[in-house]
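File shown: data-v2.csv. Contents: CSV, C-alpha atoms.
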```csv
chain,number,residue,atom,x,y,z
A,1,MET,CA,0.0,0.0,0.0
A,2,ILE,CA,1.3,3.4,-1.0
A,3,LEU,CA,0.0,6.6,0.5
A,4,ILE,CA,0.5,9.8,-1.6
A,5,LYS,CA,-0.2,13.4,-0.7
A,6,LEU,CA,-0.4,15.9,-3.6
A,7,GLY,CA,0.3,19.2,-1.9
A,8,GLY,CA,-1.8,22.3,-2.6
A,9,SER,CA,1.4,24.2,-3.7
A,10,ILE,CA,2.0,21.6,-6.5
A,11,ILE,CA,-1.5,21.2,-7.8
A,12,THR,CA,-2.5,24.9,-7.7
A,13,ASN,CA,-0.9,28.2,-8.1
A,14,LYS,CA,-1.0,29.6,-4.6
A,15,GLU,CA,-0.3,33.1,-5.9
A,16,LYS,CA,-3.5,33.2,-7.9
A,17,PRO,CA,-6.9,32.3,-6.2
A,18,LEU,CA,-8.8,29.4,-7.7
A,19,SER,CA,-6.1,28.4,-10.2
A,20,ALA,CA,-5.3,24.7,-10.8
A,21,ARG,CA,-2.0,23.7,-12.3
A,22,ARG,CA,-3.6,21.4,-14.8
A,23,LYS,CA,-0.5,20.4,-16.8
A,24,THR,CA,1.3,19.5,-13.6
A,25,ILE,CA,-1.7,17.5,-12.4
A,26,ASP,CA,-1.8,15.6,-15.7
A,27,ASN,CA,2.0,14.9,-15.5
A,28,LEU,CA,1.4,13.5,-12.0
A,29,SER,CA,-1.4,11.3,-13.2
A,30,LYS,CA,0.7,9.9,-16.0
A,31,SER,CA,3.5,9.0,-13.5
A,32,LEU,CA,1.0,7.5,-11.1
A,33,LYS,CA,-0.1,5.2,-13.9
A,34,LYS,CA,3.3,3.5,-13.7
A,35,ILE,CA,2.7,2.4,-10.1
A,36,LYS,CA,1.5,-1.1,-9.9
A,37,GLU,CA,0.7,-1.3,-6.2
A,38,PRO,CA,-2.5,-0.3,-4.4
A,39,MET,CA,-2.5,3.4,-3.6
A,40,ILE,CA,-4.5,6.1,-1.8
A,41,ILE,CA,-4.3,9.7,-2.8
A,42,VAL,CA,-4.8,12.7,-0.6
A,43,HIS,CA,-4.7,16.2,-1.9
A,44,GLY,CA,-4.5,19.7,-0.4
A,45,GLY,CA,-6.5,22.8,-1.0
A,46,GLY,CA,-3.9,25.3,-2.3
A,47,SER,CA,-5.5,28.3,-3.9
A,48,TYR,CA,-8.9,26.8,-3.5
A,49,GLY,CA,-9.7,25.7,0.0
A,50,HIS,CA,-6.8,27.5,1.6
A,51,TYR,CA,-7.6,30.7,-0.1
A,52,TRP,CA,-11.2,30.8,1.3
A,53,SER,CA,-10.0,29.5,4.7
A,54,VAL,CA,-7.8,32.6,5.0
A,55,LYS,CA,-10.5,34.9,3.7
A,56,TYR,CA,-13.0,33.6,6.3
A,57,ASP,CA,-10.4,33.2,9.1
A,58,MET,CA,-11.0,29.5,9.5
A,59,HIS,CA,-8.4,27.2,11.2
A,60,THR,CA,-7.8,23.7,12.4
A,61,LYS,CA,-9.2,24.6,15.9
A,62,GLU,CA,-12.9,23.6,16.4
A,63,ARG,CA,-14.9,26.9,16.6
A,64,ARG,CA,-18.1,28.5,15.5
A,65,TYR,CA,-16.9,29.8,12.1
A,66,ASP,CA,-18.9,31.8,9.6
A,67,THR,CA,-21.3,29.3,8.0
A,68,ARG,CA,-21.0,31.0,4.7
A,69,GLY,CA,-17.3,30.4,4.8
A,70,VAL,CA,-17.7,26.8,5.7
A,71,SER,CA,-20.0,26.3,2.7
A,72,ILE,CA,-17.6,28.1,0.3
A,73,VAL,CA,-14.6,26.2,1.5
A,74,LYS,CA,-16.4,22.8,1.0
A,75,ASN,CA,-17.6,23.8,-2.4
A,76,SER,CA,-14.2,24.9,-3.6
A,77,MET,CA,-12.6,21.7,-2.5
A,78,ILE,CA,-15.2,19.7,-4.5
A,79,ASP,CA,-14.2,21.8,-7.5
A,80,LEU,CA,-10.5,21.1,-7.1
A,81,ASN,CA,-11.2,17.4,-6.3
A,82,LYS,CA,-13.2,17.1,-9.6
A,83,ILE,CA,-10.1,18.5,-11.5
A,84,ILE,CA,-7.9,15.8,-9.9
A,85,LEU,CA,-10.5,13.0,-10.6
A,86,ASP,CA,-10.9,14.1,-14.2
A,87,SER,CA,-7.1,14.1,-14.8
A,88,LEU,CA,-6.8,10.6,-13.3
A,89,LEU,CA,-9.7,9.3,-15.5
A,90,LYS,CA,-8.2,10.9,-18.6
A,91,ASN,CA,-5.0,9.0,-17.9
A,92,LYS,CA,-6.7,5.6,-17.7
A,93,LEU,CA,-6.7,5.4,-13.9
A,94,ASN,CA,-9.8,4.5,-11.8
A,95,PRO,CA,-10.2,7.2,-9.1
A,96,TYR,CA,-12.8,6.7,-6.3
A,97,CYS,CA,-13.8,9.9,-4.7
A,98,LEU,CA,-13.8,9.6,-0.9
A,99,PRO,CA,-14.7,12.8,1.1
A,100,PRO,CA,-13.2,12.8,4.6
A,101,THR,CA,-16.7,12.7,6.1
A,102,ASP,CA,-16.8,9.1,4.9
A,103,PHE,CA,-14.1,8.1,7.5
A,104,MET,CA,-14.2,10.9,10.1
A,105,PHE,CA,-16.5,11.5,13.1
A,106,GLY,CA,-15.9,15.0,14.2
A,107,ASN,CA,-12.1,15.2,14.5
A,108,LYS,CA,-11.6,11.5,15.1
A,109,PRO,CA,-10.8,8.9,12.4
A,110,ILE,CA,-13.1,5.9,12.2
A,111,ALA,CA,-10.7,2.9,12.1
A,112,LYS,CA,-13.3,0.5,10.5
A,113,LYS,CA,-14.0,2.9,7.7
A,114,ILE,CA,-10.3,3.6,7.0
A,115,LYS,CA,-9.6,-0.2,6.8
A,116,GLU,CA,-12.4,-0.3,4.2
A,117,ILE,CA,-10.4,2.3,2.1
A,118,GLU,CA,-7.5,-0.2,1.9
A,119,LYS,CA,-9.9,-2.9,0.6
A,120,ILE,CA,-11.2,-0.5,-2.0
A,121,ALA,CA,-7.6,0.3,-3.1
A,122,LYS,CA,-6.8,-3.4,-3.5
A,123,THR,CA,-9.6,-3.8,-6.1
A,124,GLY,CA,-7.8,-1.5,-8.6
A,125,LEU,CA,-9.7,1.6,-7.6
A,126,ILE,CA,-7.8,4.6,-6.3
A,127,PRO,CA,-9.4,6.2,-3.3
A,128,VAL,CA,-8.9,10.0,-3.5
A,129,THR,CA,-9.6,12.2,-0.5
A,130,PHE,CA,-8.8,15.7,0.5
A,131,GLY,CA,-8.5,18.4,3.2
A,132,ASP,CA,-11.8,19.9,4.0
A,133,ALA,CA,-14.0,22.0,6.3
A,134,LEU,CA,-15.7,19.5,8.6
A,135,TRP,CA,-18.7,19.6,11.1
A,136,PHE,CA,-17.6,19.1,14.7
A,137,GLY,CA,-20.8,19.4,16.6
A,138,GLN,CA,-22.5,22.1,18.7
A,139,LYS,CA,-22.4,24.4,15.7
A,140,LYS,CA,-18.6,24.1,15.5
A,141,THR,CA,-16.6,23.3,12.4
A,142,PHE,CA,-12.9,23.0,11.7
A,143,ILE,CA,-10.4,22.6,8.9
A,144,LEU,CA,-9.0,19.1,8.5
A,145,SER,CA,-5.8,19.4,6.6
A,146,GLY,CA,-4.7,16.8,4.0
A,147,ASP,CA,-1.4,16.5,6.0
A,148,LYS,CA,-3.4,15.4,9.1
A,149,ILE,CA,-5.4,13.0,7.0
A,150,MET,CA,-2.1,11.4,6.0
A,151,THR,CA,-1.2,10.7,9.6
A,152,HIS,CA,-4.7,9.3,10.4
A,153,LEU,CA,-4.4,6.9,7.4
A,154,ALA,CA,-0.8,5.9,8.0
A,155,ASN,CA,-1.5,5.1,11.7
A,156,ILE,CA,-4.2,2.6,10.8
A,157,LEU,CA,-3.1,1.3,7.4
A,158,LYS,CA,0.7,1.1,7.9
A,159,PRO,CA,1.6,1.8,4.3
A,160,LYS,CA,4.8,0.5,2.7
A,161,LEU,CA,5.7,4.1,1.9
A,162,THR,CA,4.2,7.5,2.5
A,163,ILE,CA,5.0,10.3,0.0
A,164,PHE,CA,4.4,14.0,0.1
A,165,ALA,CA,4.6,15.6,-3.4
A,166,LEU,CA,5.9,19.2,-2.9
A,167,ASN,CA,6.8,22.3,-4.9
A,168,GLU,CA,10.4,21.8,-3.7
A,169,ASN,CA,13.0,19.1,-4.0
A,170,GLY,CA,12.6,18.3,-0.3
A,171,LEU,CA,13.9,19.8,2.9
A,172,TYR,CA,16.9,22.1,2.7
A,173,SER,CA,19.5,22.6,5.4
A,174,ASP,CA,20.0,26.1,3.9
A,175,PHE,CA,17.2,27.5,1.8
A,176,LYS,CA,19.4,30.1,0.0
A,177,SER,CA,21.8,27.5,-1.4
A,178,LYS,CA,19.0,24.9,-1.5
A,179,LYS,CA,21.3,22.3,0.0
A,180,LEU,CA,19.1,19.3,0.2
A,181,ILE,CA,18.7,17.1,3.3
A,182,TYR,CA,18.7,13.6,1.9
A,183,GLU,CA,17.8,11.7,5.1
A,184,LEU,CA,16.5,12.5,8.6
A,185,LYS,CA,16.7,10.2,11.6
A,186,ASP,CA,15.1,11.2,14.9
A,187,GLN,CA,15.3,14.9,14.0
A,188,ASN,CA,12.8,17.7,14.3
A,189,PRO,CA,13.9,20.4,11.8
A,190,LEU,CA,12.6,23.9,12.4
A,191,ILE,CA,10.5,25.2,9.6
A,192,SER,CA,9.1,28.7,9.6
A,193,LYS,CA,5.4,28.9,9.0
A,194,ASN,CA,3.9,30.7,6.0
A,195,LYS,CA,1.4,33.1,7.6
A,196,MET,CA,-1.0,32.8,4.7
A,197,ASP,CA,-1.3,29.0,5.0
A,198,VAL,CA,-3.8,28.3,7.8
A,199,THR,CA,-2.7,24.6,7.9
A,200,GLY,CA,0.9,25.4,8.6
A,201,GLY,CA,2.5,24.9,5.2
A,202,MET,CA,5.8,23.0,5.3
A,203,ALA,CA,5.9,23.1,9.1
A,204,ARG,CA,2.7,21.0,9.2
A,205,LYS,CA,4.1,18.5,6.7
A,206,VAL,CA,7.3,18.1,8.7
A,207,GLU,CA,5.3,17.6,11.9
A,208,GLU,CA,3.0,15.0,10.4
A,209,ALA,CA,5.9,13.2,8.5
A,210,THR,CA,7.8,13.0,11.8
A,211,LYS,CA,4.9,11.5,13.6
A,212,ILE,CA,4.5,8.9,10.8
A,213,ALA,CA,8.2,8.1,10.9
A,214,LYS,CA,8.1,7.6,14.7
A,215,MET,CA,5.4,5.0,14.0
A,216,GLY,CA,8.0,3.0,12.1
A,217,MET,CA,7.2,3.9,8.5
A,218,ASN,CA,9.4,5.7,5.9
A,219,VAL,CA,8.2,9.1,4.6
A,220,PHE,CA,9.5,10.6,1.4
A,221,PHE,CA,9.3,14.3,0.4
A,222,ALA,CA,9.6,14.6,-3.4
A,223,ASN,CA,9.3,17.4,-6.0
A,224,GLY,CA,5.9,17.0,-7.6
A,225,ASN,CA,7.1,19.0,-10.6
A,226,LYS,CA,9.3,15.9,-11.3
A,227,PRO,CA,6.8,13.1,-10.7
A,228,GLU,CA,9.2,10.4,-11.9
A,229,ARG,CA,10.9,10.8,-8.5
A,230,ILE,CA,7.8,9.5,-6.9
A,231,VAL,CA,7.9,6.3,-9.0
A,232,GLN,CA,11.7,5.9,-8.3
A,233,ALA,CA,11.1,6.1,-4.6
A,234,ILE,CA,8.4,3.5,-4.7
A,235,LYS,CA,10.5,1.2,-6.8
A,236,ASN,CA,13.4,1.7,-4.3
A,237,ARG,CA,15.7,3.2,-6.9
A,238,LYS,CA,18.0,6.2,-6.6
A,239,TYR,CA,15.9,9.1,-5.6
A,240,GLU,CA,16.2,12.9,-5.2
A,241,GLY,CA,14.3,14.1,-2.2
A,242,THR,CA,14.2,13.9,1.6
A,243,LEU,CA,13.6,10.6,3.4
A,244,PHE,CA,12.3,10.6,7.0
A,245,ARG,CA,13.6,7.2,8.1
A,246,GLY,CA,11.1,5.3,10.1
A,247,LYS,CA,12.1,4.4,13.6
A,248,ASN,CA,13.6,0.9,13.7
A,249,VAL,CA,13.4,0.7,9.8
```
Could you spell out this file's structure in structure tokens?
Amino acid sequence: MILIKLGGSIITNKEKPLSARRKTIDNLSKSLKKIKEPMIIVHGGGSYGHYWSVKYDMHTKERRYDTRGVSIVKNSMIDLNKIILDSLLKNKLNPYCLPPTDFMFGNKPIAKKIKEIEKIAKTGLIPVTFGDALWFGQKKTFILSGDKIMTHLANILKPKLTIFALNENGLYSDFKSKKLIYELKDQNPLISKNKMDVTGGMARKVEEATKIAKMGMNVFFANGNKPERIVQAIKNRKYEGTLFRGKNV
């Protein structure tokens, strides 16, 4: 089982509201076609969900947010999800849309439902889910990030490899020189948060990747602009990116 997160920064242009990077999405789909193992795809919100989350001041904390904002965020994520699904279909893959409400109860994952996702993936369908605005109860809602979904799924399904497709080559020890960190073991690198990304940007990805690695699973950060690197990592070939080495792996 392979778990893949398509980051919002790679599938959309975050500098321009509601703009999908369709060519990049198609290139990712073409590369995913080369993967012959069951997989689950999670995607972020980028200039769709994140844009509206910022506009309506919505966060990952459960609160009574503007109901208009909740509605708009959900609608925008459906729009972006449809673009992803259409690209996968066009490239002869079999996506299976799976909103997070199908396996979440409030802010808690439903283990039984998540195990069903694995069964779906093993039939040849590709479950595709995404970060979203979710109902919490008592008139409260919250933003469930795609990165957090990755940790929920990894914790229950124990995938062979977890991959985050980014708009960068991986993590850098120095951003100016872009000196790549190839492997991390028991480290918690400090990443400054992008104030415009309500789900924490790279900091959230590092946080969730570290949690997954501590569960004993390898996590790989790859450049989604070069999707062949995702295939190389899965096939255990020489890769370019950052590996979070799973504890005891």
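Minimum atom-to-atom distances from A:Glu37, A:Lys112, A:Ile25, A:Asp57 to Ile83 (chain A) were compared using only C-alpha atoms, and the lowest value belongs to A:Ile25.
Each of A:Phe220, A:Lys61, A:Phe130, A:Leu166 was checked against Ile11 (chain A) using all atoms listed in the file; the smallest atom-to-atom distance is that of A:Leu166.
As for CA of Ala20 (chain A) and CA of Lys205 (chain A), they are spaced 20.8 Å apart.
Among the candidates A:Ile110, A:Ile4, A:Ala154, A:Cys97, the one nearest to Gly44 (chain A) when counting only C-alpha atoms is A:Ile4.
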Excluding Ile78 (chain A) and any residue of its chain fewer than 4 positions from it, enumerate the residues within 10 Å of it, using all atoms listed in the file, and give them as a list of chain:residue names.
A:Gly45, A:Tyr48, A:Gly49, A:Ile72, A:Val73, A:Lys74, A:Lys82, A:Ile83, A:Ile84, A:Cys97, A:Pro99, A:Phe130, A:Asp132
Sort by chain and increasing residue number a table of all residues of region 127-178 of chain A within 9 Å of region 237-241 of chain A, each with its closest pair of atoms and their distance in Å to one decimal, counting only C-alpha atoms, and write it as JSON lines.
```
{"residue": "A:Glu168", "atom": "CA", "partner": "A:Gly241", "partner_atom": "CA", "distance": 8.8}
{"residue": "A:Asn169", "atom": "CA", "partner": "A:Gly241", "partner_atom": "CA", "distance": 5.5}
{"residue": "A:Gly170", "atom": "CA", "partner": "A:Gly241", "partner_atom": "CA", "distance": 4.9}
{"residue": "A:Leu171", "atom": "CA", "partner": "A:Gly241", "partner_atom": "CA", "distance": 7.7}
```
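Remark: for Ile181 (chain A), the closest of the candidate residues A:Ser9, A:Arg22, A:Leu243, A:Tyr56 is A:Leu243 (distances computed over all atoms listed in the file).
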Of the residues A:Thr101, A:Asn155, A:Thr141, A:Thr162, which is the one nearest to Arg68 (chain A), using only C-alpha atoms?
A:Thr141
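CA of Gly146 (chain A) is found 11.8 Å from CA of Leu3 (chain A).
Excluding Ser19 (chain A) itself and same-chain residues fewer than 3 positions from it, the residues having an atom within 8 Å of it are Thr12, Asn13, Lys14, Lys16, Ser47 and Tyr48 of chain A, counting all atoms listed in the file.
CA of Leu18 (chain A) sits 20.8 Å away from CA of Phe142 (chain A).
Distance annotation: of A:Asn94, A:Met1, A:Leu32, A:Ile230, the residue with the minimal separation from Lys119 (chain A) is A:Met1; atom set is only C-alpha atoms.
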Given the point (11.1, 11.0, 18.4) in the file's coordinates, find the residues that have an atom at most 12 Å from it, counting all atoms listed in the file, and give them as number ranges by chain.
A: 184-189, 207, 209-216, 244-248
